[in-house]
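Chemist: Provided below: run24.cif, containing mmCIF, C-alpha atoms; chains and numbers go by the auth columns.
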```cif
data_coords
#
loop_
_atom_site.group_PDB
_atom_site.id
_atom_site.type_symbol
_atom_site.label_atom_id
_atom_site.label_comp_id
_atom_site.label_asym_id
_atom_site.label_seq_id
_atom_site.Cartn_x
_atom_site.Cartn_y
_atom_site.Cartn_z
_atom_site.B_iso_or_equiv
_atom_site.auth_seq_id
_atom_site.auth_asym_id
ATOM 1 C CA MET A 1 98.524 19.871 32.340 0.00 175 A
ATOM 2 C CA SER A 2 94.986 21.071 32.074 0.00 176 A
ATOM 3 C CA LYS A 3 95.665 21.983 28.423 0.00 177 A
ATOM 4 C CA GLU A 4 96.659 18.395 27.615 0.00 178 A
ATOM 5 C CA ILE A 5 93.505 17.021 29.139 0.00 179 A
ATOM 6 C CA ASP A 6 91.503 19.493 27.159 0.00 180 A
ATOM 7 C CA LEU A 7 93.166 18.375 23.914 0.00 181 A
ATOM 8 C CA GLY A 8 92.479 14.762 24.775 0.00 182 A
ATOM 9 C CA ARG A 9 88.850 15.584 25.302 0.00 183 A
ATOM 10 C CA ARG A 10 88.677 17.410 21.980 0.00 184 A
ATOM 11 C CA ARG A 11 90.215 14.450 20.187 0.00 185 A
ATOM 12 C CA ALA A 12 87.676 12.173 21.765 0.00 186 A
ATOM 13 C CA ILE A 13 84.876 14.419 20.548 0.00 187 A
ATOM 14 C CA THR A 14 86.310 14.534 17.022 0.00 188 A
ATOM 15 C CA THR A 15 86.744 10.772 16.907 0.00 189 A
ATOM 16 C CA GLY A 16 83.248 10.308 18.245 0.00 190 A
ATOM 17 C CA GLY A 17 81.879 12.458 15.456 0.00 191 A
ATOM 18 C CA GLY A 18 83.788 10.402 12.905 0.00 192 A
ATOM 19 C CA MET A 19 82.371 7.210 14.345 0.00 193 A
ATOM 20 C CA GLY A 20 78.903 8.668 14.011 0.00 194 A
ATOM 21 C CA LEU A 21 79.481 9.347 10.324 0.00 195 A
ATOM 22 C CA LEU A 22 80.887 5.851 9.823 0.00 196 A
ATOM 23 C CA ALA A 23 77.816 4.373 11.457 0.00 197 A
ATOM 24 C CA LEU A 24 75.643 6.433 9.131 0.00 198 A
ATOM 25 C CA PHE A 25 77.467 5.176 6.027 0.00 199 A
ATOM 26 C CA GLY A 26 77.412 1.648 7.406 0.00 200 A
ATOM 27 C CA GLY A 27 73.660 1.982 7.715 0.00 201 A
ATOM 28 C CA VAL A 28 73.348 3.145 4.133 0.00 202 A
ATOM 29 C CA SER A 29 75.454 0.309 2.741 0.00 203 A
ATOM 30 C CA LEU A 30 73.375 -2.218 4.690 0.00 204 A
ATOM 31 C CA PHE A 31 70.380 -1.268 2.597 0.00 205 A
ATOM 32 C CA ARG A 32 72.148 -2.025 -0.657 0.00 206 A
ATOM 33 C CA PRO A 33 71.687 -5.822 -0.752 0.00 207 A
ATOM 34 C CA GLY A 34 67.970 -5.183 -0.200 0.00 208 A
ATOM 35 C CA ASP A 35 67.903 -2.775 -3.114 0.00 209 A
ATOM 36 C CA ALA A 36 69.607 -5.313 -5.363 0.00 210 A
ATOM 37 C CA LEU A 37 66.793 -7.746 -4.579 0.00 211 A
ATOM 38 C CA ALA A 38 64.111 -5.104 -5.017 0.00 212 A
ATOM 39 C CA GLU A 39 62.325 -7.202 -7.591 0.00 213 A
ATOM 40 C CA TRP A 40 62.024 -10.165 -5.227 0.00 214 A
ATOM 41 C CA ASN A 41 58.546 -9.882 -3.720 0.00 215 A
ATOM 42 C CA LYS A 42 59.530 -10.000 -0.046 0.00 216 A
ATOM 43 C CA PRO A 43 56.051 -9.340 1.414 0.00 217 A
ATOM 44 C CA ALA A 44 54.632 -12.213 -0.647 0.00 218 A
ATOM 45 C CA PHE A 45 57.444 -14.655 0.149 0.00 219 A
ATOM 46 C CA THR A 46 57.353 -13.934 3.883 0.00 220 A
ATOM 47 C CA SER A 47 53.551 -14.293 4.103 0.00 221 A
ATOM 48 C CA LYS A 48 52.477 -16.762 6.781 0.00 222 A
ATOM 49 C CA ALA A 49 48.890 -17.090 5.556 0.00 223 A
ATOM 50 C CA MET A 50 47.298 -17.742 2.184 0.00 224 A
ATOM 51 C CA ASP A 51 45.208 -14.522 2.119 0.00 225 A
ATOM 52 C CA GLU A 52 48.281 -12.445 2.950 0.00 226 A
ATOM 53 C CA ALA A 53 50.305 -14.102 0.163 0.00 227 A
ATOM 54 C CA LEU A 54 47.484 -13.649 -2.353 0.00 228 A
ATOM 55 C CA GLY A 55 47.145 -9.996 -1.347 0.00 229 A
ATOM 56 C CA SER A 56 50.883 -9.387 -1.771 0.00 230 A
ATOM 57 C CA LEU A 57 50.662 -10.844 -5.270 0.00 231 A
ATOM 58 C CA GLY A 58 47.739 -8.564 -6.114 0.00 232 A
ATOM 59 C CA ALA A 59 45.363 -11.533 -6.267 0.00 233 A
ATOM 60 C CA THR A 60 42.902 -10.754 -3.487 0.00 234 A
ATOM 61 C CA SER A 61 40.030 -12.934 -4.699 0.00 235 A
ATOM 62 C CA PRO A 62 41.132 -15.255 -7.483 0.00 236 A
ATOM 63 C CA GLU A 63 38.470 -17.196 -9.368 0.00 237 A
ATOM 64 C CA ASP A 64 38.475 -20.942 -8.667 0.00 238 A
ATOM 65 C CA ASN A 65 39.080 -22.695 -11.923 0.00 239 A
ATOM 66 C CA SER A 66 40.201 -26.288 -12.242 0.00 240 A
ATOM 67 C CA VAL A 67 39.121 -26.515 -15.892 0.00 241 A
ATOM 68 C CA PHE A 68 41.668 -24.124 -17.352 0.00 242 A
ATOM 69 C CA ILE A 69 44.439 -24.805 -14.824 0.00 243 A
ATOM 70 C CA GLN A 70 46.002 -28.235 -14.648 0.00 244 A
ATOM 71 C CA LEU A 71 47.792 -28.914 -11.367 0.00 245 A
ATOM 72 C CA THR A 72 49.728 -32.168 -11.234 0.00 246 A
ATOM 73 C CA VAL A 73 50.928 -33.317 -7.817 0.00 247 A
ATOM 74 C CA PRO A 74 51.286 -36.745 -6.205 0.00 248 A
ATOM 75 C CA GLU A 75 48.352 -37.856 -4.014 0.00 249 A
ATOM 76 C CA ILE A 76 50.808 -39.118 -1.423 0.00 250 A
ATOM 77 C CA ALA A 77 54.334 -37.811 -0.951 0.00 251 A
ATOM 78 C CA GLU A 78 56.588 -40.216 0.914 0.00 252 A
ATOM 79 C CA ASN A 79 59.244 -37.529 1.082 0.00 253 A
ATOM 80 C CA GLY A 80 57.928 -34.054 1.843 0.00 254 A
ATOM 81 C CA ALA A 81 61.323 -32.568 0.998 0.00 255 A
ATOM 82 C CA VAL A 82 60.864 -33.242 -2.718 0.00 256 A
ATOM 83 C CA VAL A 83 57.302 -32.953 -3.985 0.00 257 A
ATOM 84 C CA PRO A 84 57.065 -32.580 -7.772 0.00 258 A
ATOM 85 C CA VAL A 85 54.574 -29.937 -8.916 0.00 259 A
ATOM 86 C CA THR A 86 53.528 -29.180 -12.484 0.00 260 A
ATOM 87 C CA VAL A 87 51.204 -26.317 -13.323 0.00 261 A
ATOM 88 C CA SER A 88 49.926 -25.703 -16.814 0.00 262 A
ATOM 89 C CA SER A 89 47.079 -23.645 -18.174 0.00 263 A
ATOM 90 C CA SER A 90 45.000 -23.537 -21.315 0.00 264 A
ATOM 91 C CA LEU A 91 44.062 -19.896 -20.647 0.00 265 A
ATOM 92 C CA THR A 92 45.294 -17.385 -23.220 0.00 266 A
ATOM 93 C CA ASN A 93 47.882 -14.710 -22.398 0.00 267 A
ATOM 94 C CA VAL A 94 49.171 -16.367 -19.241 0.00 268 A
ATOM 95 C CA GLU A 95 51.595 -13.894 -17.643 0.00 269 A
ATOM 96 C CA GLN A 96 52.386 -15.495 -14.307 0.00 270 A
ATOM 97 C CA ILE A 97 52.182 -18.853 -12.510 0.00 271 A
ATOM 98 C CA SER A 98 52.612 -19.143 -8.733 0.00 272 A
ATOM 99 C CA ILE A 99 52.844 -22.189 -6.492 0.00 273 A
ATOM 100 C CA MET A 100 51.788 -22.120 -2.833 0.00 274 A
ATOM 101 C CA VAL A 101 51.582 -24.633 0.013 0.00 275 A
ATOM 102 C CA ASP A 102 48.888 -23.559 2.472 0.00 276 A
ATOM 103 C CA LYS A 103 50.354 -25.202 5.610 0.00 277 A
ATOM 104 C CA ASN A 104 54.019 -24.269 5.091 0.00 278 A
ATOM 105 C CA PRO A 105 55.515 -21.607 7.410 0.00 279 A
ATOM 106 C CA ASN A 106 55.967 -19.398 4.332 0.00 280 A
ATOM 107 C CA VAL A 107 53.067 -20.261 2.043 0.00 281 A
ATOM 108 C CA LEU A 108 54.467 -18.961 -1.247 0.00 282 A
ATOM 109 C CA ALA A 109 57.000 -21.289 -2.890 0.00 283 A
ATOM 110 C CA ALA A 110 57.607 -19.800 -6.334 0.00 284 A
ATOM 111 C CA VAL A 111 56.395 -17.182 -8.801 0.00 285 A
ATOM 112 C CA PHE A 112 57.116 -17.654 -12.508 0.00 286 A
ATOM 113 C CA THR A 113 56.874 -14.871 -15.064 0.00 287 A
ATOM 114 C CA ILE A 114 55.846 -16.294 -18.424 0.00 288 A
ATOM 115 C CA PRO A 115 56.927 -14.115 -21.352 0.00 289 A
ATOM 116 C CA GLN A 116 55.232 -14.205 -24.763 0.00 290 A
ATOM 117 C CA GLY A 117 56.438 -17.282 -26.636 0.00 291 A
ATOM 118 C CA THR A 118 56.890 -19.400 -23.512 0.00 292 A
ATOM 119 C CA GLU A 119 54.295 -22.104 -22.874 0.00 293 A
ATOM 120 C CA ALA A 120 52.040 -21.722 -19.840 0.00 294 A
ATOM 121 C CA MET A 121 53.640 -24.697 -18.111 0.00 295 A
ATOM 122 C CA VAL A 122 56.263 -25.144 -15.404 0.00 296 A
ATOM 123 C CA THR A 123 57.507 -28.077 -13.371 0.00 297 A
ATOM 124 C CA THR A 124 59.449 -27.717 -10.136 0.00 298 A
ATOM 125 C CA ARG A 125 59.819 -29.430 -6.760 0.00 299 A
ATOM 126 C CA VAL A 126 58.746 -28.037 -3.415 0.00 300 A
ATOM 127 C CA LYS A 127 59.148 -28.852 0.269 0.00 301 A
ATOM 128 C CA MET A 128 56.073 -29.675 2.343 0.00 302 A
ATOM 129 C CA GLY A 129 56.196 -29.781 6.145 0.00 303 A
ATOM 130 C CA LYS A 130 53.002 -31.828 6.430 0.00 304 A
ATOM 131 C CA THR A 131 49.832 -32.835 4.570 0.00 305 A
ATOM 132 C CA ALA A 132 48.560 -29.669 2.896 0.00 306 A
ATOM 133 C CA ASN A 133 46.954 -28.154 -0.157 0.00 307 A
ATOM 134 C CA VAL A 134 49.173 -27.189 -3.045 0.00 308 A
ATOM 135 C CA VAL A 135 47.686 -24.113 -4.704 0.00 309 A
ATOM 136 C CA ALA A 136 48.347 -23.049 -8.283 0.00 310 A
ATOM 137 C CA LEU A 137 47.650 -19.386 -9.042 0.00 311 A
ATOM 138 C CA VAL A 138 47.579 -18.295 -12.675 0.00 312 A
ATOM 139 C CA LYS A 139 47.434 -14.717 -13.942 0.00 313 A
ATOM 140 C CA ALA A 140 46.064 -14.429 -17.455 0.00 314 A
ATOM 141 C CA ASP A 141 45.025 -11.216 -19.190 0.00 315 A
ATOM 142 C CA GLY A 142 45.495 -9.403 -15.883 0.00 316 A
ATOM 143 C CA LYS A 143 43.038 -11.655 -14.006 0.00 317 A
ATOM 144 C CA PHE A 144 43.847 -14.297 -11.361 0.00 318 A
ATOM 145 C CA TYR A 145 42.615 -17.890 -11.295 0.00 319 A
ATOM 146 C CA ARG A 146 43.430 -20.642 -8.822 0.00 320 A
ATOM 147 C CA THR A 147 43.054 -24.310 -8.178 0.00 321 A
ATOM 148 C CA ALA A 148 44.222 -26.556 -5.322 0.00 322 A
ATOM 149 C CA LYS A 149 44.972 -30.211 -4.629 0.00 323 A
ATOM 150 C CA GLU A 150 45.770 -31.953 -1.374 0.00 324 A
ATOM 151 C CA VAL A 151 49.024 -33.859 -1.016 0.00 325 A
ATOM 152 C CA LYS A 152 49.318 -36.303 1.868 0.00 326 A
ATOM 153 C CA VAL A 153 52.791 -36.135 3.328 0.00 327 A
ATOM 154 C CA THR A 154 54.023 -39.168 5.241 0.00 328 A
ATOM 155 C CA ALA A 155 57.438 -37.672 6.148 0.00 329 A
ATOM 156 C CA GLY A 156 57.868 -33.916 6.480 0.00 330 A
ATOM 157 C CA GLY A 157 60.352 -31.989 4.395 0.00 331 A
ATOM 158 C CA CYS A 158 61.716 -29.444 6.774 0.00 332 A
ATOM 159 C CA GLY A 159 64.268 -31.493 8.659 0.00 333 A
ATOM 160 C CA GLY A 160 64.679 -31.413 12.456 0.00 334 A
ATOM 161 C CA MET B 1 80.184 -18.529 -6.878 0.00 967 B
ATOM 162 C CA GLY B 2 77.770 -21.428 -6.617 0.00 968 B
ATOM 163 C CA ASN B 3 78.189 -24.877 -8.056 0.00 969 B
ATOM 164 C CA PRO B 4 77.449 -25.470 -11.750 0.00 970 B
ATOM 165 C CA MET B 5 73.921 -26.183 -12.956 0.00 971 B
ATOM 166 C CA LYS B 6 72.955 -29.068 -15.155 0.00 972 B
ATOM 167 C CA ILE B 7 70.966 -27.751 -18.108 0.00 973 B
ATOM 168 C CA ARG B 8 69.405 -29.784 -20.923 0.00 974 B
ATOM 169 C CA ALA B 9 67.723 -28.022 -23.823 0.00 975 B
ATOM 170 C CA ALA B 10 66.197 -29.982 -26.688 0.00 976 B
ATOM 171 C CA VAL B 11 64.139 -28.712 -29.613 0.00 977 B
ATOM 172 C CA LYS B 12 61.289 -30.757 -31.051 0.00 978 B
ATOM 173 C CA GLU B 13 58.764 -29.523 -33.620 0.00 979 B
ATOM 174 C CA GLY B 14 59.751 -25.889 -33.095 0.00 980 B
ATOM 175 C CA VAL B 15 59.484 -25.956 -29.297 0.00 981 B
ATOM 176 C CA THR B 16 62.531 -26.051 -27.019 0.00 982 B
ATOM 177 C CA GLU B 17 62.187 -27.913 -23.742 0.00 983 B
ATOM 178 C CA VAL B 18 64.581 -26.765 -21.017 0.00 984 B
ATOM 179 C CA LYS B 19 65.380 -28.803 -17.897 0.00 985 B
ATOM 180 C CA ILE B 20 67.491 -27.186 -15.196 0.00 986 B
ATOM 181 C CA LEU B 21 68.980 -28.699 -12.054 0.00 987 B
ATOM 182 C CA MET B 22 70.580 -26.100 -9.797 0.00 988 B
ATOM 183 C CA GLN B 23 72.905 -27.041 -6.946 0.00 989 B
ATOM 184 C CA HIS B 24 71.867 -25.152 -3.841 0.00 990 B
ATOM 185 C CA GLU B 25 71.131 -25.980 -0.210 0.00 991 B
ATOM 186 C CA MET B 26 67.889 -23.954 -0.117 0.00 992 B
ATOM 187 C CA GLU B 27 67.989 -23.565 3.680 0.00 993 B
ATOM 188 C CA THR B 28 64.631 -22.412 5.054 0.00 994 B
ATOM 189 C CA GLY B 29 66.052 -20.591 8.066 0.00 995 B
ATOM 190 C CA LEU B 30 63.769 -22.730 10.248 0.00 996 B
ATOM 191 C CA ARG B 31 65.925 -25.850 10.517 0.00 997 B
ATOM 192 C CA LYS B 32 67.942 -26.435 13.679 0.00 998 B
ATOM 193 C CA GLU B 33 71.294 -28.143 14.114 0.00 999 B
ATOM 194 C CA ALA B 34 71.546 -31.033 16.593 0.00 1000 B
ATOM 195 C CA ASP B 35 72.727 -28.530 19.246 0.00 1001 B
ATOM 196 C CA GLY B 36 69.638 -26.382 18.731 0.00 1002 B
ATOM 197 C CA THR B 37 71.229 -23.514 16.794 0.00 1003 B
ATOM 198 C CA LEU B 38 69.142 -22.214 13.926 0.00 1004 B
ATOM 199 C CA VAL B 39 70.630 -22.654 10.450 0.00 1005 B
ATOM 200 C CA PRO B 40 70.315 -19.242 8.719 0.00 1006 B
ATOM 201 C CA ALA B 41 68.095 -18.955 5.645 0.00 1007 B
ATOM 202 C CA TRP B 42 70.073 -19.439 2.443 0.00 1008 B
ATOM 203 C CA PHE B 43 68.128 -19.887 -0.748 0.00 1009 B
ATOM 204 C CA ILE B 44 67.938 -18.882 -4.401 0.00 1010 B
ATOM 205 C CA THR B 45 65.624 -15.894 -4.807 0.00 1011 B
ATOM 206 C CA GLU B 46 65.686 -15.257 -8.551 0.00 1012 B
ATOM 207 C CA VAL B 47 66.263 -17.340 -11.669 0.00 1013 B
ATOM 208 C CA LYS B 48 66.364 -16.151 -15.260 0.00 1014 B
ATOM 209 C CA ALA B 49 66.588 -18.178 -18.470 0.00 1015 B
ATOM 210 C CA GLN B 50 67.567 -16.456 -21.705 0.00 1016 B
ATOM 211 C CA TYR B 51 67.676 -17.442 -25.342 0.00 1017 B
ATOM 212 C CA GLN B 52 69.410 -15.101 -27.811 0.00 1018 B
ATOM 213 C CA GLY B 53 69.289 -12.247 -25.329 0.00 1019 B
ATOM 214 C CA ARG B 54 65.535 -12.706 -24.814 0.00 1020 B
ATOM 215 C CA THR B 55 64.179 -13.769 -21.417 0.00 1021 B
ATOM 216 C CA VAL B 56 62.226 -17.009 -21.839 0.00 1022 B
ATOM 217 C CA LEU B 57 61.467 -17.597 -18.157 0.00 1023 B
ATOM 218 C CA GLU B 58 61.847 -15.641 -14.938 0.00 1024 B
ATOM 219 C CA ALA B 59 61.268 -17.119 -11.503 0.00 1025 B
ATOM 220 C CA GLN B 60 61.261 -15.910 -7.929 0.00 1026 B
ATOM 221 C CA PHE B 61 61.784 -18.559 -5.275 0.00 1027 B
ATOM 222 C CA GLY B 62 60.937 -18.719 -1.590 0.00 1028 B
ATOM 223 C CA GLN B 63 62.330 -21.080 1.029 0.00 1029 B
ATOM 224 C CA SER B 64 59.780 -23.776 0.103 0.00 1030 B
ATOM 225 C CA VAL B 65 61.506 -24.733 -3.137 0.00 1031 B
ATOM 226 C CA SER B 66 63.349 -28.047 -2.646 0.00 1032 B
ATOM 227 C CA LYS B 67 67.095 -28.386 -2.163 0.00 1033 B
ATOM 228 C CA ASN B 68 68.860 -28.510 -5.539 0.00 1034 B
ATOM 229 C CA PRO B 69 65.956 -26.839 -7.370 0.00 1035 B
ATOM 230 C CA TYR B 70 64.618 -28.412 -10.540 0.00 1036 B
ATOM 231 C CA LEU B 71 62.807 -26.510 -13.279 0.00 1037 B
ATOM 232 C CA MET B 72 61.274 -27.554 -16.566 0.00 1038 B
ATOM 233 C CA PHE B 73 59.601 -25.300 -19.130 0.00 1039 B
ATOM 234 C CA ARG B 74 59.145 -24.902 -22.890 0.00 1040 B
ATOM 235 C CA PHE B 75 59.464 -21.961 -25.260 0.00 1041 B
ATOM 236 C CA LYS B 76 58.646 -21.533 -28.938 0.00 1042 B
ATOM 237 C CA GLY B 77 61.664 -21.398 -31.229 0.00 1043 B
ATOM 238 C CA GLY B 78 65.239 -22.537 -30.817 0.00 1044 B
ATOM 239 C CA SER B 79 67.483 -24.495 -33.161 0.00 1045 B
ATOM 240 C CA ALA B 80 70.067 -27.170 -32.555 0.00 1046 B
ATOM 241 C CA GLY B 81 73.463 -25.603 -31.802 0.00 1047 B
ATOM 242 C CA GLU B 82 72.065 -22.387 -30.281 0.00 1048 B
ATOM 243 C CA LYS B 83 72.558 -21.541 -26.609 0.00 1049 B
ATOM 244 C CA VAL B 84 70.274 -21.184 -23.612 0.00 1050 B
ATOM 245 C CA THR B 85 71.687 -19.275 -20.631 0.00 1051 B
ATOM 246 C CA VAL B 86 70.420 -19.662 -17.067 0.00 1052 B
ATOM 247 C CA SER B 87 71.414 -17.524 -14.099 0.00 1053 B
ATOM 248 C CA TRP B 88 70.417 -17.337 -10.459 0.00 1054 B
ATOM 249 C CA VAL B 89 70.942 -15.087 -7.445 0.00 1055 B
ATOM 250 C CA ASP B 90 70.552 -16.135 -3.804 0.00 1056 B
ATOM 251 C CA ASN B 91 69.624 -14.181 -0.670 0.00 1057 B
ATOM 252 C CA LYS B 92 73.313 -13.819 0.243 0.00 1058 B
ATOM 253 C CA GLY B 93 74.028 -12.161 -3.100 0.00 1059 B
ATOM 254 C CA ASP B 94 75.835 -15.179 -4.525 0.00 1060 B
ATOM 255 C CA ASN B 95 75.119 -15.888 -8.171 0.00 1061 B
ATOM 256 C CA ARG B 96 75.793 -18.369 -10.924 0.00 1062 B
ATOM 257 C CA ALA B 97 75.331 -18.434 -14.711 0.00 1063 B
ATOM 258 C CA ASP B 98 75.622 -21.455 -16.992 0.00 1064 B
ATOM 259 C CA GLU B 99 74.742 -22.164 -20.580 0.00 1065 B
ATOM 260 C CA ALA B 100 73.689 -25.183 -22.579 0.00 1066 B
ATOM 261 C CA THR B 101 73.606 -25.939 -26.280 0.00 1067 B
ATOM 262 C CA ILE B 102 70.211 -26.851 -27.717 0.00 1068 B
ATOM 263 C CA THR B 103 70.155 -30.355 -29.147 0.00 1069 B
ATOM 264 C CA GLY B 104 67.946 -31.488 -32.010 0.00 1070 B
#
```
Would you write out, as C-alpha cells, the structure that this file holds?

Modeler:
Amino acid sequence: MSKEIDLGRRRAITTGGGMGLLALFGGVSLFRPGDALAEWNKPAFTSKAMDEALGSLGATSPEDNSVFIQLTVPEIAENGAVVPVTVSSSLTNVEQISIMVDKNPNVLAAVFTIPQGTEAMVTTRVKMGKTANVVALVKADGKFYRTAKEVKVTAGGCGG
Amino acid sequence: MGNPMKIRAAVKEGVTEVKILMQHEMETGLRKEADGTLVPAWFITEVKAQYQGRTVLEAQFGQSVSKNPYLMFRFKGGSAGEKVTVSWVDNKGDNRADEATITG
C-alpha cells in the first residue's frame, strides 16, 4: 500500500519535471517571432514622444531644413484615417526617409530605406488622431534633417 | 496569407514609377469594439520591393499607417515587360508577395 503511494508520488515528481522542461522550451519558442522581426525597430515604433522616437532612430538633434526636404500634406484633413503624405528631398545620398505624427499615440508612422538608384521620394497615407504636426526626417550622408507641417484634422482617424 | 496587392509599375524616360495598394486592416491595438473590448494590434511591419533581385525600396511600418496601405516611389532603370516584386510581413507573422509587369 505504502509502496504504491510512493510510486504515485515519484510519477508526479517526474511529470512535474517534464512540465518544467516543456515550459522552458515554450518560453524559448515564444521569442522566435520577435527574432524574425529583429529588423523592425520596435523601440522607435513604440515611442510615445517625438524625442524618444528620434533617439531610437539615431537622430537625436536633426537639423531643421525645409529647403532641401519637401513635405507635402493637406492643410486640412477631413478624414484623419487617410492623410496623404509625400516626402521628397533634393539632398544627395539620401539613405532613409521617416514620417512621424507628433500627437499620435505612437509617433513614428513609417521608415523607408532608400537604396542607391531609388529616388529620394515616397508617398504614403497615415492615420491622424487629431490636429498635429507631420514630421519628415531625412537621413543623407549619415546626417539627419527634418521639417514639419501642421495638418488640421476635422475627424479623427483612430475610430471609437 | 493576406489578400493580394494591387501593383502598377510604369517606366518613363528611364525611371520606373511603382504604385502599391496593400490590403490590410492595420489595426492600431487602441481601437475598442462597441462592447469595450480592445481590438488587438494587427499591422504590416515590413515591406520590400525588388526589381531583378535588387531591393529598390524597404519600409518599416508602425500602427499609424492607414488601413490598406498605399505606397508610391520611383527607381532608375526598368524596361517594359520586366517584373517588380513586392512583399510584406505583419506583426502576426502573416506575409504576402505579389508581382507586377512594368508597362511602357

Chemist: Write out as a VMD selection string every residue belonging to chain B that has an atom at most 9 Å from any atom of chain A, counting all atoms listed in the file.

Modeler: chain B and resid 994 996 to 1000 1011 to 1012 1021 to 1033 1035 to 1043 1055 1057 to 1059

Chemist: Given the selection you just returned, output its residues as a file containing C-alpha atoms, formatted as a tab-separated table (two decimals), in the frame of the given file.

Modeler:
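What follows is the written file selection27.tsv:
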```
chain	number	residue	atom	x	y	z
B	994	THR	CA	64.63	-22.41	5.05
B	996	LEU	CA	63.77	-22.73	10.25
B	997	ARG	CA	65.92	-25.85	10.52
B	998	LYS	CA	67.94	-26.44	13.68
B	999	GLU	CA	71.29	-28.14	14.11
B	1000	ALA	CA	71.55	-31.03	16.59
B	1011	THR	CA	65.62	-15.89	-4.81
B	1012	GLU	CA	65.69	-15.26	-8.55
B	1021	THR	CA	64.18	-13.77	-21.42
B	1022	VAL	CA	62.23	-17.01	-21.84
B	1023	LEU	CA	61.47	-17.60	-18.16
B	1024	GLU	CA	61.85	-15.64	-14.94
B	1025	ALA	CA	61.27	-17.12	-11.50
B	1026	GLN	CA	61.26	-15.91	-7.93
B	1027	PHE	CA	61.78	-18.56	-5.28
B	1028	GLY	CA	60.94	-18.72	-1.59
B	1029	GLN	CA	62.33	-21.08	1.03
B	1030	SER	CA	59.78	-23.78	0.10
B	1031	VAL	CA	61.51	-24.73	-3.14
B	1032	SER	CA	63.35	-28.05	-2.65
B	1033	LYS	CA	67.10	-28.39	-2.16
B	1035	PRO	CA	65.96	-26.84	-7.37
B	1036	TYR	CA	64.62	-28.41	-10.54
B	1037	LEU	CA	62.81	-26.51	-13.28
B	1038	MET	CA	61.27	-27.55	-16.57
B	1039	PHE	CA	59.60	-25.30	-19.13
B	1040	ARG	CA	59.14	-24.90	-22.89
B	1041	PHE	CA	59.46	-21.96	-25.26
B	1042	LYS	CA	58.65	-21.53	-28.94
B	1043	GLY	CA	61.66	-21.40	-31.23
B	1055	VAL	CA	70.94	-15.09	-7.44
B	1057	ASN	CA	69.62	-14.18	-0.67
B	1058	LYS	CA	73.31	-13.82	0.24
B	1059	GLY	CA	74.03	-12.16	-3.10
```

Chemist: Report, in Å to a single decimal, how far apart atom CA of Ala314 of chain A and atom CA of Ser1053 of chain B are.

Modeler: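 Atom CA of Ser1053 of chain B sits 25.8 Å away from atom CA of Ala314 of chain A.
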
Chemist: Evaluate the PyMOL selection byres ((chain A and resi 328) around 8) here and jot the selected residues down as a compact mmCIF listing (two decimals) with C-alpha atoms, keeping the file's coordinate frame.

Modeler:
```txt
# COMPACT_ATOMS: atom_id res chain seq x y z
CA ILE A 250 50.81 -39.12 -1.42
CA ALA A 251 54.33 -37.81 -0.95
CA GLU A 252 56.59 -40.22 0.91
CA ASN A 253 59.24 -37.53 1.08
CA GLY A 254 57.93 -34.05 1.84
CA LYS A 304 53.00 -31.83 6.43
CA THR A 305 49.83 -32.84 4.57
CA LYS A 326 49.32 -36.30 1.87
CA VAL A 327 52.79 -36.14 3.33
CA ALA A 329 57.44 -37.67 6.15
CA GLY A 330 57.87 -33.92 6.48
```

Chemist: Would you kindly return, as a PyMOL selection string, each protein, DNA or RNA residue with an atom no farther than 12 Å from any atom of Gly1070 of chain B, considering all atoms listed in the file and excluding same-chain residues fewer than 4 positions away?

Modeler: chain B and resi 974-983+1043-1048

Chemist: Show me as an MDAnalysis selection string the residues that reach within 6 Å of (69.9, -21.9, -13.5), counting all atoms listed in the file and using the file's own coordinates.

Modeler: chainID B and resid 971 988 1052:1054

Chemist: Report as a list in words all protein, DNA and RNA residues lying within 6 Å of segment 226-243 of chain A, evaluated on all atoms listed in the file, omitting residues in the same chain fewer than 3 positions from it.

Modeler: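 The residues satisfying every condition are Ala218, Ser221, Ala223, Ser262, Ser263, Ser264, Leu265, Phe318, Tyr319, Arg320 and Thr321 of chain A.
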
Chemist: Between atom CA of His990 of chain B and atom CA of Lys972 of chain B, what is the distance, to one decimal in Å?

Modeler: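 Taking atom CA of His990 of chain B and atom CA of Lys972 of chain B, their separation equals 12.0 Å.
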
Chemist: So the first atom is atom CA of Lys277 of chain A and the second is atom CA of Pro217 of chain A; what is the distance between them in Å, to one decimal place?

Modeler: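 Atom CA of Lys277 of chain A sits 17.4 Å away from atom CA of Pro217 of chain A.
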
Chemist: Using only C-alpha atoms, list the residues that have an atom at most 8 Å from (76.0, -25.2, -13.1), coordinates as in the file, as a VMD selection string.

Modeler: chain B and resid 968 to 973 987 to 989 1062 to 1064

Chemist: Starting from the PyMOL selection byres ((chain B and resi 1006) around 8), expand the selection into actual residues of this file and give them as an mmCIF file with C-alpha atoms, in the frame of the given file.

Modeler:
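Wrote out23.cif, looks like this:
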```cif
data_model
loop_
_atom_site.group_PDB
_atom_site.id
_atom_site.type_symbol
_atom_site.label_atom_id
_atom_site.label_comp_id
_atom_site.auth_asym_id
_atom_site.auth_seq_id
_atom_site.Cartn_x
_atom_site.Cartn_y
_atom_site.Cartn_z
ATOM 1 C CA GLU B 993 67.989 -23.565 3.680
ATOM 2 C CA THR B 994 64.631 -22.412 5.054
ATOM 3 C CA GLY B 995 66.052 -20.591 8.066
ATOM 4 C CA LEU B 996 63.769 -22.730 10.248
ATOM 5 C CA LEU B 1004 69.142 -22.214 13.926
ATOM 6 C CA VAL B 1005 70.630 -22.654 10.450
ATOM 7 C CA ALA B 1007 68.095 -18.955 5.645
ATOM 8 C CA TRP B 1008 70.073 -19.439 2.443
#
```

Chemist: Produce the centre coordinates and the three edge lengths, each in Å to one decimal, of the box along x, y and z that contains all listed atoms of segment 992-995 of chain B with 3 Å added on each side, as JSON.

Modeler:
```
{"center_x": 66.3, "center_y": -22.3, "center_z": 4.0, "size_x": 9.4, "size_y": 9.4, "size_z": 14.2}
```
